[in-house]
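This report refers to the structure that appears directly beneath it.
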Amino acid sequence: MRRDWFSKALLKWYAQHGRHDLPWKKPLSVYRVWVSEIMLQQTQVSTVIPYFARFMASFPSLESLANAPLDSVLQHWAGLGYYARARNLHKAAKCLVNDFAGIFPKDVTTLSSLPGIGLSTAGAIIAQAYNLRAPILDGNVKRVLCRFHGIKSWPGEKKVHDKLWELAEYHTPKQQAADYTQATMDLGATCCTRTKPSCELCPLQKHCAAFSQQSQAQCPGKKPRKKLPTKQLYMLCAQNQHGELLLQQRPLKGIWAGLWSLPEFTDESAIVPWLNEFLGTSGAKLTALSPILHTFTHYHLTILPRLITIRKKAIKSQSNLSWLNNDALAQRGLPAPIQKLIATIR
């Protein structure tokens with residue numbers, strides 16, 4: 001097999017079957033490609049498209065994103081998950097404007113030094129926006145390379161990860177960088193899928209080790225299973241006579257950083273004293289609502305909501321608490337499970 005067979009087969013397939021109508025390519029700009037690549041980290045294209053459209057409507061340029069309040073950026077991200085991506089996007093926008101005069105670097109090393117941009121993302125941005133040769137190694141590409149070369153180990157192992165980078169570098173052609181990069185991602189997303197791959201439609205089938213050995217299900221190997229711990233939290237749904245909810249902005253580090261959520265407690269008995277301390281409310285009666293289950297990357301969370309209706313009172317000595325009506329809620333970034341919980345009481 002010639003060295004360029006892989007890339008030529010992929011490019012030919014892409015010309016006929018690739019995704020040519022992705023919204024971040026019409027019109028094409030490095031800013032739009034960058035935003036899409038950050039959104040696409042661990043998220044499917046079909047999920048990203050409506051979020052991307054809303055994001056571009058509100059932040060059509062790098063400068064508009066850099067100058068926007070973080071609250072507004074997080075509000076547009078609510079529901080996409082992995083909120084560190086949004087915070088890093090905002091940080092990187094400010095850095096690009098302040099330190100790079102609003103110009104995106106054209107080399108992988110410099111671009112990957114910005115918040116939230118790793119080597120693969122930097123390569124994807126440079127290849128697609130500038131049509132410059134830059135290997136990538138996202139999840140789809142890892143799967144394609146593992147199957148083509150018959151690699152049954154888990155790509156998260158360092159030696160396997162390093163080997164895949166070598167293969168990505170080996171196969172990436174000097175010409176048609178933008179098309180080739182999109183082709184590798186498209187093949188993994190639409191043909192060489194995680195389960196039930198469409199091998200009969202794959203342009204790489206002729207020389208694919210996994211296909212010849214019928215080992216598609218074993219390539220790549222799966223991450224060793226680790227049982228996730230379970231945590232539980234009580235969340236306070238406090239509403240007043242005006243229909244406003246009491247929300248609390250979370251710290252800028254940790255889970256749901258910077259988003260607005262409900263006050264949380266590890267012990268139910270702490271809720272009433274807390275209400276008395278910050279709102280001057282005593283004798284409050286709590287109503288238990290149905291639990292909500294949510295899974296993070298590292299643990300399962302059981303949310304135990306407690307509902308209370310009280311007269312609106314001034315908030316004492318805690319600036320990250322606020323009474324919010326429906327219009328104000330719509331302008332704040334709320335985690336998806338909190339949106340779900342609020343919807344049950346509105």
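All residue names refer to the structure tokens as shown: chains lettered A, B, ... in order, residues numbered from 1 in each chain, ligands numbered from 1 in order.
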So that I can see what lies close to A:Ile342, please list as a PDB file with N, CA and C atoms, in the first residue's frame the residues with an atom at most 10 Å from it, counting only C-alpha atoms and leaving out residues fewer than 5 positions away in the same chain.
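Output (around.pdb):
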ATOM      1  N   CYS A 237     -35.407  25.282  46.861  1.00  0.00           N
ATOM      2  CA  CYS A 237     -36.233  25.994  45.880  1.00  0.00           C
ATOM      3  C   CYS A 237     -37.087  26.997  46.656  1.00  0.00           C
ATOM      4  N   LEU A 245     -37.583  33.348  42.222  1.00  0.00           N
ATOM      5  CA  LEU A 245     -36.811  32.271  42.837  1.00  0.00           C
ATOM      6  C   LEU A 245     -35.500  32.811  43.383  1.00  0.00           C
ATOM      7  N   SER A 261     -27.313  28.699  40.235  1.00  0.00           N
ATOM      8  CA  SER A 261     -27.918  27.451  40.688  1.00  0.00           C
ATOM      9  C   SER A 261     -28.750  27.726  41.935  1.00  0.00           C
ATOM     10  N   LEU A 262     -29.293  26.671  42.503  1.00  0.00           N
ATOM     11  CA  LEU A 262     -30.050  26.781  43.736  1.00  0.00           C
ATOM     12  C   LEU A 262     -29.109  26.590  44.927  1.00  0.00           C
ATOM     13  N   PRO A 305     -34.572  18.066  46.176  1.00  0.00           N
ATOM     14  CA  PRO A 305     -35.089  19.435  46.236  1.00  0.00           C
ATOM     15  C   PRO A 305     -36.030  19.626  47.431  1.00  0.00           C
ATOM     16  N   LEU A 329     -34.301  34.883  34.871  1.00  0.00           N
ATOM     17  CA  LEU A 329     -33.809  33.505  34.777  1.00  0.00           C
ATOM     18  C   LEU A 329     -33.378  33.172  33.355  1.00  0.00           C
ATOM     19  N   LEU A 334     -27.868  28.634  33.538  1.00  0.00           N
ATOM     20  CA  LEU A 334     -28.271  27.651  34.539  1.00  0.00           C
ATOM     21  C   LEU A 334     -27.868  26.254  34.065  1.00  0.00           C
ATOM     22  N   ALA A 336     -28.193  22.360  33.204  1.00  0.00           N
ATOM     23  CA  ALA A 336     -29.359  21.651  32.671  1.00  0.00           C
ATOM     24  C   ALA A 336     -30.229  21.005  33.755  1.00  0.00           C
ATOM     25  N   PRO A 337     -29.660  20.293  34.748  1.00  0.00           N
ATOM     26  CA  PRO A 337     -30.525  19.683  35.765  1.00  0.00           C
ATOM     27  C   PRO A 337     -31.250  20.722  36.615  1.00  0.00           C
TER      28      PRO A 337
END
Members of stretch 128-255 of chain A assigned helix (DSSP H, G or I) by DSSP, as a VMD selection string:
chain A and resid 128 to 130 139 to 149 158 to 171 177 to 190 199 to 201 205 to 207 209 to 213 216 to 218
Stretch 6-114 of chain A near stretch 152-176 of chain A within 12 Å: what's each residue's closest atom pair and its distance in Å to one decimal, counting only C-alpha atoms, ordered by chain then ascending residue number, as a Markdown table?
| residue | atom | partner | partner_atom | distance |
| --- | --- | --- | --- | --- |
| A:Phe6 | CA | A:His171 | CA | 6.7 |
| A:Ser7 | CA | A:His171 | CA | 6.4 |
| A:Lys8 | CA | A:Pro173 | CA | 8.7 |
| A:Ala9 | CA | A:His171 | CA | 11.3 |
| A:Leu10 | CA | A:His171 | CA | 10.5 |
| A:Leu11 | CA | A:Gln176 | CA | 8.5 |
| A:Lys12 | CA | A:Gln176 | CA | 11.5 |
| A:Tyr14 | CA | A:Gln176 | CA | 11.5 |
| A:Ala15 | CA | A:Gln176 | CA | 11.5 |
Quick one: everything within 10 Å of A:Val97, counting only C-alpha atoms, minus sequence neighbours fewer than 2 positions away in the same chain. Send it as an MDAnalysis selection string.
chainID A and resid 62:63 65:67 92:95 99:104
Could you turn the residues from that selection into a file that holds C-alpha atoms, as a PDB file, in the first residue's frame?
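Full text of part_16.pdb as output:
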ATOM      1  CA  LEU A  62     -14.106  37.810  18.385  1.00  0.00           C
ATOM      2  CA  GLU A  63     -14.358  41.320  19.842  1.00  0.00           C
ATOM      3  CA  LEU A  65     -17.218  37.696  22.616  1.00  0.00           C
ATOM      4  CA  ALA A  66     -14.230  39.214  24.411  1.00  0.00           C
ATOM      5  CA  ASN A  67     -16.308  42.194  25.557  1.00  0.00           C
ATOM      6  CA  ALA A  92      -9.070  32.932  25.091  1.00  0.00           C
ATOM      7  CA  ALA A  93     -11.128  35.622  23.326  1.00  0.00           C
ATOM      8  CA  LYS A  94      -9.822  38.249  25.752  1.00  0.00           C
ATOM      9  CA  CYS A  95      -6.287  36.945  25.316  1.00  0.00           C
ATOM     10  CA  ASP A  99      -2.206  39.941  23.404  1.00  0.00           C
ATOM     11  CA  PHE A 100      -2.553  39.019  19.714  1.00  0.00           C
ATOM     12  CA  ALA A 101      -4.281  42.135  18.352  1.00  0.00           C
ATOM     13  CA  GLY A 102      -7.331  40.023  17.490  1.00  0.00           C
ATOM     14  CA  ILE A 103      -5.374  37.781  15.106  1.00  0.00           C
ATOM     15  CA  PHE A 104      -5.401  34.000  15.498  1.00  0.00           C
TER      16      PHE A 104
END
At most 8 Å is the cut-off: for each residue in stretch 52-73 of chain A with any atom that close to an atom of stretch 26-40 of chain A, write down the nearest atom pair and the distance in Å rounded to one decimal, counting only C-alpha atoms, chain first then increasing number, as a tab-separated table.
residue	atom	partner	partner_atom	distance
A:Phe52	CA	A:Ser36	CA	6.8
A:Met56	CA	A:Arg32	CA	8.0
A:Ser61	CA	A:Tyr31	CA	7.1
A:Leu62	CA	A:Tyr31	CA	6.4
Output file for the selection above: C-alpha atoms, as a CSV table (one decimal), in the first residue's frame:
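File produced: out_3.csv:
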chain,number,residue,atom,x,y,z
A,52,PHE,CA,-23.8,27.6,17.4
A,56,MET,CA,-23.1,33.5,16.6
A,61,SER,CA,-17.1,38.5,16.2
A,62,LEU,CA,-14.1,37.8,18.4
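The smallest atom-to-atom distance between A:Thr309 and any of A:Lys340, A:His149, A:Arg87, A:His242, using only C-alpha atoms, is found for A:His242.
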If DSSP is run on the backbone, what residues of stretch 110-273 of chain A are strand (DSSP E)? A reply as a VMD selection string would be ideal.
chain A and resid 230 to 239 245 to 249 260 to 261 264 to 265
Using only C-alpha atoms: which of A:Ala84, A:Lys196, A:Leu252, A:Gln42 has the shortest distance to A:Asp138
A:Gln42
List as a list in words the protein and nucleic acid residues near A:Ile315, meaning an atom at most 8 Å away when only C-alpha atoms are counted, but skip any in the same chain fewer than 3 places from it.
Phe278, Leu279, Gln318, Leu321 and Ser322 of chain A
Restricting the output to N, CA and C atoms, write the selected residues as a PDB file, in the first residue's frame.
ATOM      1  N   PHE A 278     -29.632  34.492  56.311  1.00  0.00           N
ATOM      2  CA  PHE A 278     -29.487  35.360  55.151  1.00  0.00           C
ATOM      3  C   PHE A 278     -30.766  36.085  54.741  1.00  0.00           C
ATOM      4  N   LEU A 279     -31.937  35.598  55.180  1.00  0.00           N
ATOM      5  CA  LEU A 279     -33.190  36.260  54.829  1.00  0.00           C
ATOM      6  C   LEU A 279     -33.995  36.689  56.046  1.00  0.00           C
ATOM      7  N   GLN A 318     -24.714  38.555  51.528  1.00  0.00           N
ATOM      8  CA  GLN A 318     -24.244  37.500  50.619  1.00  0.00           C
ATOM      9  C   GLN A 318     -24.545  37.944  49.188  1.00  0.00           C
ATOM     10  N   LEU A 321     -26.256  35.905  46.063  1.00  0.00           N
ATOM     11  CA  LEU A 321     -27.651  35.480  46.098  1.00  0.00           C
ATOM     12  C   LEU A 321     -28.512  36.539  45.430  1.00  0.00           C
ATOM     13  N   SER A 322     -29.573  36.097  44.736  1.00  0.00           N
ATOM     14  CA  SER A 322     -30.443  37.068  44.076  1.00  0.00           C
ATOM     15  C   SER A 322     -31.825  36.475  43.858  1.00  0.00           C
TER      16      SER A 322
END
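Here atom CA of A:Ala177 is placed at a distance of 24.5 Å from atom CA of A:Cys199.
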For the atom pair atom CA of A:Ala53 and atom CA of A:Leu22, what is the interatomic distance in Å to one decimal place?
11.1 Å
Identify which of the residues A:Arg143, A:Lys253, A:Lys285, A:His298 lies closest to A:Gly221, counting only C-alpha atoms when measuring atom-to-atom distances.
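Counting only C-alpha atoms, the residue closest to A:Gly221 is A:Arg143.
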Using only C-alpha atoms, which protein or nucleic acid residues come within 12 Å of A:Leu70? Drop anything in the same chain fewer than 2 positions from it, and give the result as a PyMOL selection string.
chain A and resi 64-68+72-77+83-84+86-91+93-94+249+252+257-260+331-333
